Amino acid sequence: MNNLKLVKDPKYWLLAIAASLVTLHLNLSWRSDNTDLLGTSLLFWVAVSALIWRKRDSLNLESEVFSTIFGALLIGFVVFKSMHLYGYDLFLRVSPFISILGLSLLASGVKGWKQYWQEIFLLAFIAVPPGVLSIFIDLSLLTAKFASFLLWILGFQVFSQGVMVTLPTGGIKVGPGCDGFGIILQLLGLSFICLVMFGHQLLHRILVPIASIILAFVVNGMRVALMAILAALSNQSAFEYWHTGDGSLIFSMLAVFMFGVFCHFTVLRTANIKI
């Protein structure tokens with residue numbers, strides 16, 4: 001009898017649908033061989049799940065017919081589209097946002113949509129591909145200047161002209177793929193997660209996003225400087241490792257670690273939260 005009540009309870013149906021959508025998206029992200037997308041998606045899904053779990057007892061789970069139908073259609077669209085994906089597709093970035101919209105309408109309707117604004121905002125952030133920002137904001141020149149400055153500090157004879165970083169025996173051209181928007185978006189997303197879950201002071205809301213952008217830019221500039229040195233040494237294998245191989249992930253992990261330390265001593269410590 002108790003099992004029958006559990007089956008009839010809409011909360012458990014919503015939980016099952018949400019778990020299925022999350023599993024589907026993470027599985028497709030893993031199969032796409034896009035490690036940045038997989039890591040970001042996993043982190044954001046965990047944060048969204050924690051937010052909903054924290055306010056689970058206060059959620060109003062009442063939805064009208066129109067919202068239920070529209071929410072079900074959105075979820076159905078995500079499932080249908082996901083069944084026809086092969087490798088990396090831009091839809092993998094958009095599907096979490098569509099999924100949370102469908103789930104919120106299915107659970108609470110249009111009137112209860114505001115209950116999930118934080119979760120919707122976080123998953124909407126995944127939908128922004130780094131390449132899009134490069135169209136509107138060009139960081140290549142600034143990145144090349146900063147990398148040249150780092151090399152000059154280290155004692156290298158470096159020449160900087162436009163997006164070129166040149167050493168006496170070789171150099172590199174800083175293109176859109178090396179402008180740092182990937183790391184910037186990653187840390188900026190982490191800053192939003194930190195603020196949504198723990199940041200309640202106005203100073204933190206201003207300081208943390210700015211710090212994430214600056215830190216990401218600096219770490220990426222260090223990576224570009226290293227690649228300039230490797231290009232000058234004509235070490236192609238090492239250059240490819242730090243450019244497109246696992247070496248690029250090391251710098252990404254370094255940036256995340258440094259930002260985590262920063263958040264610990266600013267936001268988490270003042271919030272009396274132990275990690």
# chains A, B, ... in the order shown; residues from 1 in each chain; ligands from 1

call {"tool": "residues_around", "arguments": {"residues": "Leu233 in chain A", "least_positions_apart": "5", "cutoff": "12 Å", "atoms": "only C-alpha atoms", "output": "NGL selection string"}}
result
:A and (166-172 or 226-228 or 238-239)

call {"tool": "select_by_dssp", "arguments": {"residues": "range 24-223 of chain A", "states": "helix (DSSP H, G or I)", "output": "ChimeraX atom specification"}}
result
/A:24-31,35-54,56-58,65-82,91-108,113-126,130-136,140-153,176-178,181-197,202-223

call {"tool": "select_by_dssp", "arguments": {"residues": "range 52-258 of chain A", "states": "strand (DSSP E)", "output": "VMD selection string"}}
result
chain A and resid 159 to 161 164 to 167 170 to 173

call {"tool": "write_last_selection", "arguments": {"atoms": "C-alpha atoms", "output": "mmCIF file, in the first residue's frame"}}
result
data_model
loop_
_atom_site.group_PDB
_atom_site.id
_atom_site.type_symbol
_atom_site.label_atom_id
_atom_site.label_comp_id
_atom_site.auth_asym_id
_atom_site.auth_seq_id
_atom_site.Cartn_x
_atom_site.Cartn_y
_atom_site.Cartn_z
ATOM 1 C CA PHE A 159 59.039 40.968 -29.490
ATOM 2 C CA SER A 160 55.329 41.747 -29.564
ATOM 3 C CA GLN A 161 53.582 42.995 -32.664
ATOM 4 C CA MET A 164 52.291 37.841 -32.559
ATOM 5 C CA VAL A 165 54.534 36.802 -29.668
ATOM 6 C CA THR A 166 58.009 36.313 -31.094
ATOM 7 C CA LEU A 167 61.265 35.095 -29.583
ATOM 8 C CA GLY A 170 60.408 31.431 -33.226
ATOM 9 C CA GLY A 171 57.031 32.455 -31.889
ATOM 10 C CA ILE A 172 53.265 32.078 -32.020
ATOM 11 C CA LYS A 173 50.180 33.887 -33.203
#

call {"tool": "residues_around", "arguments": {"residues": "Val132 in chain A", "least_positions_apart": "4", "cutoff": "12 Å", "atoms": "only C-alpha atoms", "output": "JSON, numbers by chain"}}
result
{"A": [90, 127, 128, 136, 137, 138, 176, 177, 181, 182, 185]}

call {"tool": "residues_around", "arguments": {"residues": "range 33-37 of chain A", "least_positions_apart": "2", "cutoff": "9 Å", "atoms": "only C-alpha atoms", "output": "compact mmCIF listing (two decimals) with N, CA and C atoms, in the first residue's frame"}}
result
# COMPACT_ATOMS: atom_id res chain seq x y z
N SER A 29 27.45 13.99 -23.16
CA SER A 29 28.62 14.87 -23.02
C SER A 29 29.90 14.05 -22.94
N TRP A 30 29.84 12.93 -22.24
CA TRP A 30 31.01 12.06 -22.13
C TRP A 30 31.36 11.45 -23.48
N ARG A 31 30.35 11.04 -24.23
CA ARG A 31 30.58 10.43 -25.55
C ARG A 31 31.03 11.46 -26.58
N GLY A 39 33.01 18.31 -17.77
CA GLY A 39 33.33 18.80 -16.44
C GLY A 39 32.40 19.91 -15.99
N THR A 40 32.14 20.87 -16.90
CA THR A 40 31.25 21.97 -16.57
C THR A 40 29.83 21.49 -16.31
N SER A 41 29.34 20.58 -17.16
CA SER A 41 27.98 20.07 -17.01
C SER A 41 27.82 19.32 -15.70
N LEU A 42 28.80 18.49 -15.36
CA LEU A 42 28.74 17.73 -14.11
C LEU A 42 28.68 18.67 -12.91
N GLY A 87 28.44 12.53 -31.48
CA GLY A 87 29.58 13.37 -31.17
C GLY A 87 29.14 14.70 -30.57
N TYR A 88 30.02 15.69 -30.66
CA TYR A 88 29.73 17.00 -30.08
C TYR A 88 28.73 17.76 -30.94
N LEU A 92 24.03 20.09 -27.03
CA LEU A 92 24.44 19.60 -25.71
C LEU A 92 24.59 20.74 -24.72
N ARG A 93 24.88 21.93 -25.19
CA ARG A 93 24.97 23.09 -24.32
C ARG A 93 23.60 23.68 -24.00
N ILE A 126 25.54 27.42 -19.26
CA ILE A 126 26.21 26.38 -20.05
C ILE A 126 25.95 26.58 -21.54
N GLY A 182 37.57 30.25 -22.90
CA GLY A 182 37.15 28.96 -22.34
C GLY A 182 37.35 28.92 -20.83
N GLN A 186 34.59 29.23 -17.68
CA GLN A 186 34.58 28.18 -16.66
C GLN A 186 34.63 28.77 -15.25
N LEU A 249 44.34 21.10 -20.12
CA LEU A 249 43.48 20.78 -18.98
C LEU A 249 44.19 21.04 -17.66

call {"tool": "residues_around", "arguments": {"residues": "range 94-110 of chain A", "least_positions_apart": "2", "cutoff": "6 Å", "atoms": "only C-alpha atoms", "output": "list of chain:residue names"}}
result
A:Leu61, A:Glu62, A:Ser63, A:Glu64, A:Ser67, A:Thr68, A:Gly71, A:Leu74, A:Ile75, A:Phe91, A:Leu92, A:Gly112, A:Trp113, A:Leu123, A:Ala124, A:Ala127

call {"tool": "write_last_selection", "arguments": {"atoms": "N, CA, C and O atoms", "output": "PDB file, in the first residue's frame"}}
result
ATOM      1  N   LEU A  61       4.392  22.455  -5.664  1.00  0.00           N
ATOM      2  CA  LEU A  61       4.307  21.549  -6.815  1.00  0.00           C
ATOM      3  C   LEU A  61       2.868  21.465  -7.318  1.00  0.00           C
ATOM      4  O   LEU A  61       2.185  20.457  -7.192  1.00  0.00           O
ATOM      5  N   GLU A  62       2.413  22.550  -7.918  1.00  0.00           N
ATOM      6  CA  GLU A  62       1.075  22.604  -8.510  1.00  0.00           C
ATOM      7  C   GLU A  62       1.193  23.228  -9.899  1.00  0.00           C
ATOM      8  O   GLU A  62       1.648  24.369 -10.029  1.00  0.00           O
ATOM      9  N   SER A  63       0.772  22.485 -10.895  1.00  0.00           N
ATOM     10  CA  SER A  63       0.882  22.956 -12.270  1.00  0.00           C
ATOM     11  C   SER A  63      -0.461  22.850 -12.981  1.00  0.00           C
ATOM     12  O   SER A  63      -1.210  21.890 -12.761  1.00  0.00           O
ATOM     13  N   GLU A  64      -0.767  23.843 -13.836  1.00  0.00           N
ATOM     14  CA  GLU A  64      -2.004  23.804 -14.605  1.00  0.00           C
ATOM     15  C   GLU A  64      -1.805  22.971 -15.871  1.00  0.00           C
ATOM     16  O   GLU A  64      -0.678  22.581 -16.195  1.00  0.00           O
ATOM     17  N   SER A  67       0.654  24.367 -18.721  1.00  0.00           N
ATOM     18  CA  SER A  67       2.057  24.289 -18.333  1.00  0.00           C
ATOM     19  C   SER A  67       2.554  22.851 -18.340  1.00  0.00           C
ATOM     20  O   SER A  67       3.686  22.577 -18.754  1.00  0.00           O
ATOM     21  N   THR A  68       1.709  21.937 -17.899  1.00  0.00           N
ATOM     22  CA  THR A  68       2.080  20.527 -17.871  1.00  0.00           C
ATOM     23  C   THR A  68       2.331  20.004 -19.284  1.00  0.00           C
ATOM     24  O   THR A  68       3.330  19.316 -19.541  1.00  0.00           O
ATOM     25  N   GLY A  71       5.484  21.764 -20.743  1.00  0.00           N
ATOM     26  CA  GLY A  71       6.679  21.221 -20.106  1.00  0.00           C
ATOM     27  C   GLY A  71       6.999  19.829 -20.608  1.00  0.00           C
ATOM     28  O   GLY A  71       8.167  19.496 -20.857  1.00  0.00           O
ATOM     29  N   LEU A  74       8.570  20.059 -24.056  1.00  0.00           N
ATOM     30  CA  LEU A  74       9.972  20.462 -24.003  1.00  0.00           C
ATOM     31  C   LEU A  74      10.862  19.279 -23.629  1.00  0.00           C
ATOM     32  O   LEU A  74      11.918  19.061 -24.243  1.00  0.00           O
ATOM     33  N   ILE A  75      10.439  18.515 -22.650  1.00  0.00           N
ATOM     34  CA  ILE A  75      11.210  17.343 -22.235  1.00  0.00           C
ATOM     35  C   ILE A  75      11.251  16.304 -23.350  1.00  0.00           C
ATOM     36  O   ILE A  75      12.289  15.695 -23.622  1.00  0.00           O
ATOM     37  N   PHE A  91      23.715  21.510 -29.364  1.00  0.00           N
ATOM     38  CA  PHE A  91      22.514  21.207 -28.588  1.00  0.00           C
ATOM     39  C   PHE A  91      22.859  20.704 -27.186  1.00  0.00           C
ATOM     40  O   PHE A  91      22.070  20.863 -26.254  1.00  0.00           O
ATOM     41  N   LEU A  92      24.031  20.090 -27.026  1.00  0.00           N
ATOM     42  CA  LEU A  92      24.437  19.600 -25.714  1.00  0.00           C
ATOM     43  C   LEU A  92      24.589  20.742 -24.715  1.00  0.00           C
ATOM     44  O   LEU A  92      24.452  20.534 -23.501  1.00  0.00           O
ATOM     45  N   GLY A 112       4.611  29.124 -10.697  1.00  0.00           N
ATOM     46  CA  GLY A 112       5.670  28.708  -9.785  1.00  0.00           C
ATOM     47  C   GLY A 112       7.045  28.724 -10.413  1.00  0.00           C
ATOM     48  O   GLY A 112       8.012  28.231  -9.811  1.00  0.00           O
ATOM     49  N   TRP A 113       7.144  29.300 -11.599  1.00  0.00           N
ATOM     50  CA  TRP A 113       8.410  29.314 -12.342  1.00  0.00           C
ATOM     51  C   TRP A 113       9.503  30.056 -11.582  1.00  0.00           C
ATOM     52  O   TRP A 113      10.676  29.700 -11.646  1.00  0.00           O
ATOM     53  N   LEU A 123      21.948  26.941 -15.467  1.00  0.00           N
ATOM     54  CA  LEU A 123      21.993  26.056 -16.632  1.00  0.00           C
ATOM     55  C   LEU A 123      21.967  26.844 -17.941  1.00  0.00           C
ATOM     56  O   LEU A 123      22.422  26.346 -18.971  1.00  0.00           O
ATOM     57  N   ALA A 124      21.440  28.063 -17.910  1.00  0.00           N
ATOM     58  CA  ALA A 124      21.491  28.913 -19.102  1.00  0.00           C
ATOM     59  C   ALA A 124      22.928  29.321 -19.401  1.00  0.00           C
ATOM     60  O   ALA A 124      23.290  29.568 -20.556  1.00  0.00           O
ATOM     61  N   ALA A 127      24.806  27.188 -21.867  1.00  0.00           N
ATOM     62  CA  ALA A 127      24.412  27.328 -23.268  1.00  0.00           C
ATOM     63  C   ALA A 127      25.290  28.305 -24.039  1.00  0.00           C
ATOM     64  O   ALA A 127      25.204  28.375 -25.271  1.00  0.00           O
TER      65      ALA A 127
END

call {"tool": "closest_residue", "arguments": {"among": "A:Ile69, A:Val163, A:Ile193, A:Ser32", "to": "Ser49 in chain A", "atoms": "only C-alpha atoms"}}
result
A:Ile193

call {"tool": "closest_residue", "arguments": {"among": "A:Lys111, A:Leu151, A:Arg205, A:Gln118", "to": "Phe66 in chain A", "atoms": "only C-alpha atoms"}}
result
A:Lys111

call {"tool": "closest_residue", "arguments": {"among": "A:Leu254, A:Ala231, A:Val267, A:Val261", "to": "Leu202 in chain A", "atoms": "only C-alpha atoms"}}
result
A:Val267

call {"tool": "closest_residue", "arguments": {"among": "A:Phe156, A:Phe217, A:Trp53, A:Phe125", "to": "Met197 in chain A", "atoms": "only C-alpha atoms"}}
result
A:Trp53

call {"tool": "atom_distance", "arguments": {"atom1": "CA of Val224 in chain A", "atom2": "CA of Gly180 in chain A"}}
result
9.3 Å

call {"tool": "closest_residue", "arguments": {"among": "A:Val196, A:Leu188, A:Leu24, A:Ala50", "to": "Met83 in chain A", "atoms": "only C-alpha atoms"}}
result
A:Leu24

call {"tool": "closest_residue", "arguments": {"among": "A:Val79, A:Gly175, A:Leu73, A:Ile206", "to": "Ile135 in chain A", "atoms": "only C-alpha atoms"}}
result
A:Gly175

call {"tool": "atom_distance", "arguments": {"atom1": "CA of Phe257 in chain A", "atom2": "CA of Trp45 in chain A"}}
result
19.4 Å

call {"tool": "decode", "arguments": {"residues": "range 29-54 of chain A", "atoms": "N, CA, C and O atoms", "output": "short mmCIF file (atom, residue, chain, number, x, y, z; two decimals), in the first residue's frame"}}
result
data_model
loop_
_atom_site.label_atom_id
_atom_site.label_comp_id
_atom_site.auth_asym_id
_atom_site.auth_seq_id
_atom_site.Cartn_x
_atom_site.Cartn_y
_atom_site.Cartn_z
N SER A 29 27.45 13.99 -23.16
CA SER A 29 28.62 14.87 -23.02
C SER A 29 29.90 14.05 -22.94
O SER A 29 30.93 14.44 -23.51
N TRP A 30 29.84 12.93 -22.24
CA TRP A 30 31.01 12.06 -22.13
C TRP A 30 31.36 11.45 -23.48
O TRP A 30 32.53 11.38 -23.86
N ARG A 31 30.35 11.04 -24.23
CA ARG A 31 30.58 10.43 -25.55
C ARG A 31 31.03 11.46 -26.58
O ARG A 31 31.57 11.09 -27.62
N SER A 32 30.82 12.74 -26.31
CA SER A 32 31.21 13.78 -27.28
C SER A 32 32.71 14.05 -27.25
O SER A 32 33.22 14.79 -28.10
N ASP A 33 33.42 13.50 -26.25
CA ASP A 33 34.87 13.71 -26.09
C ASP A 33 35.23 15.17 -25.86
O ASP A 33 36.34 15.60 -26.15
N ASN A 34 34.28 15.92 -25.33
CA ASN A 34 34.53 17.32 -24.97
C ASN A 34 34.67 17.39 -23.46
O ASN A 34 33.68 17.48 -22.73
N THR A 35 35.91 17.33 -22.98
CA THR A 35 36.15 17.26 -21.54
C THR A 35 35.71 18.52 -20.82
O THR A 35 35.25 18.46 -19.67
N ASP A 36 35.85 19.68 -21.47
CA ASP A 36 35.43 20.94 -20.85
C ASP A 36 33.92 20.93 -20.61
O ASP A 36 33.44 21.32 -19.53
N LEU A 37 33.17 20.50 -21.61
CA LEU A 37 31.72 20.45 -21.49
C LEU A 37 31.29 19.44 -20.43
O LEU A 37 30.40 19.72 -19.63
N LEU A 38 31.94 18.30 -20.41
CA LEU A 38 31.58 17.26 -19.44
C LEU A 38 31.84 17.75 -18.01
O LEU A 38 30.97 17.61 -17.13
N GLY A 39 33.01 18.31 -17.77
CA GLY A 39 33.33 18.80 -16.44
C GLY A 39 32.40 19.91 -15.99
O GLY A 39 31.92 19.92 -14.85
N THR A 40 32.14 20.87 -16.90
CA THR A 40 31.25 21.97 -16.57
C THR A 40 29.83 21.49 -16.31
O THR A 40 29.18 21.92 -15.35
N SER A 41 29.34 20.58 -17.16
CA SER A 41 27.98 20.07 -17.01
C SER A 41 27.82 19.32 -15.70
O SER A 41 26.82 19.50 -14.99
N LEU A 42 28.80 18.49 -15.36
CA LEU A 42 28.74 17.73 -14.11
C LEU A 42 28.68 18.67 -12.91
O LEU A 42 27.87 18.49 -11.99
N LEU A 43 29.51 19.69 -12.92
CA LEU A 43 29.56 20.64 -11.82
C LEU A 43 28.25 21.41 -11.68
O LEU A 43 27.71 21.56 -10.57
N PHE A 44 27.71 21.86 -12.81
CA PHE A 44 26.48 22.65 -12.76
C PHE A 44 25.27 21.79 -12.38
O PHE A 44 24.39 22.25 -11.65
N TRP A 45 25.24 20.55 -12.85
CA TRP A 45 24.13 19.67 -12.47
C TRP A 45 24.16 19.36 -10.98
O TRP A 45 23.12 19.30 -10.32
N VAL A 46 25.35 19.18 -10.43
CA VAL A 46 25.48 18.94 -8.98
C VAL A 46 25.00 20.17 -8.21
O VAL A 46 24.28 20.05 -7.21
N ALA A 47 25.39 21.36 -8.67
CA ALA A 47 24.98 22.59 -7.99
C ALA A 47 23.47 22.78 -8.05
O ALA A 47 22.83 23.12 -7.04
N VAL A 48 22.88 22.54 -9.22
CA VAL A 48 21.43 22.68 -9.38
C VAL A 48 20.69 21.66 -8.51
O VAL A 48 19.69 21.99 -7.86
N SER A 49 21.18 20.44 -8.48
CA SER A 49 20.56 19.40 -7.65
C SER A 49 20.62 19.78 -6.17
O SER A 49 19.65 19.59 -5.43
N ALA A 50 21.76 20.34 -5.75
CA ALA A 50 21.91 20.74 -4.35
C ALA A 50 20.96 21.89 -4.00
O ALA A 50 20.37 21.91 -2.91
N LEU A 51 20.79 22.83 -4.93
CA LEU A 51 19.88 23.96 -4.69
C LEU A 51 18.44 23.49 -4.53
O LEU A 51 17.72 23.92 -3.63
N ILE A 52 18.01 22.60 -5.43
CA ILE A 52 16.64 22.10 -5.36
C ILE A 52 16.43 21.25 -4.11
O ILE A 52 15.39 21.32 -3.45
N TRP A 53 17.43 20.44 -3.77
CA TRP A 53 17.32 19.61 -2.57
C TRP A 53 17.22 20.46 -1.31
O TRP A 53 16.49 20.13 -0.37
N ARG A 54 17.92 21.59 -1.30
CA ARG A 54 17.93 22.46 -0.12
C ARG A 54 16.57 23.10 0.12
O ARG A 54 16.19 23.35 1.28
#
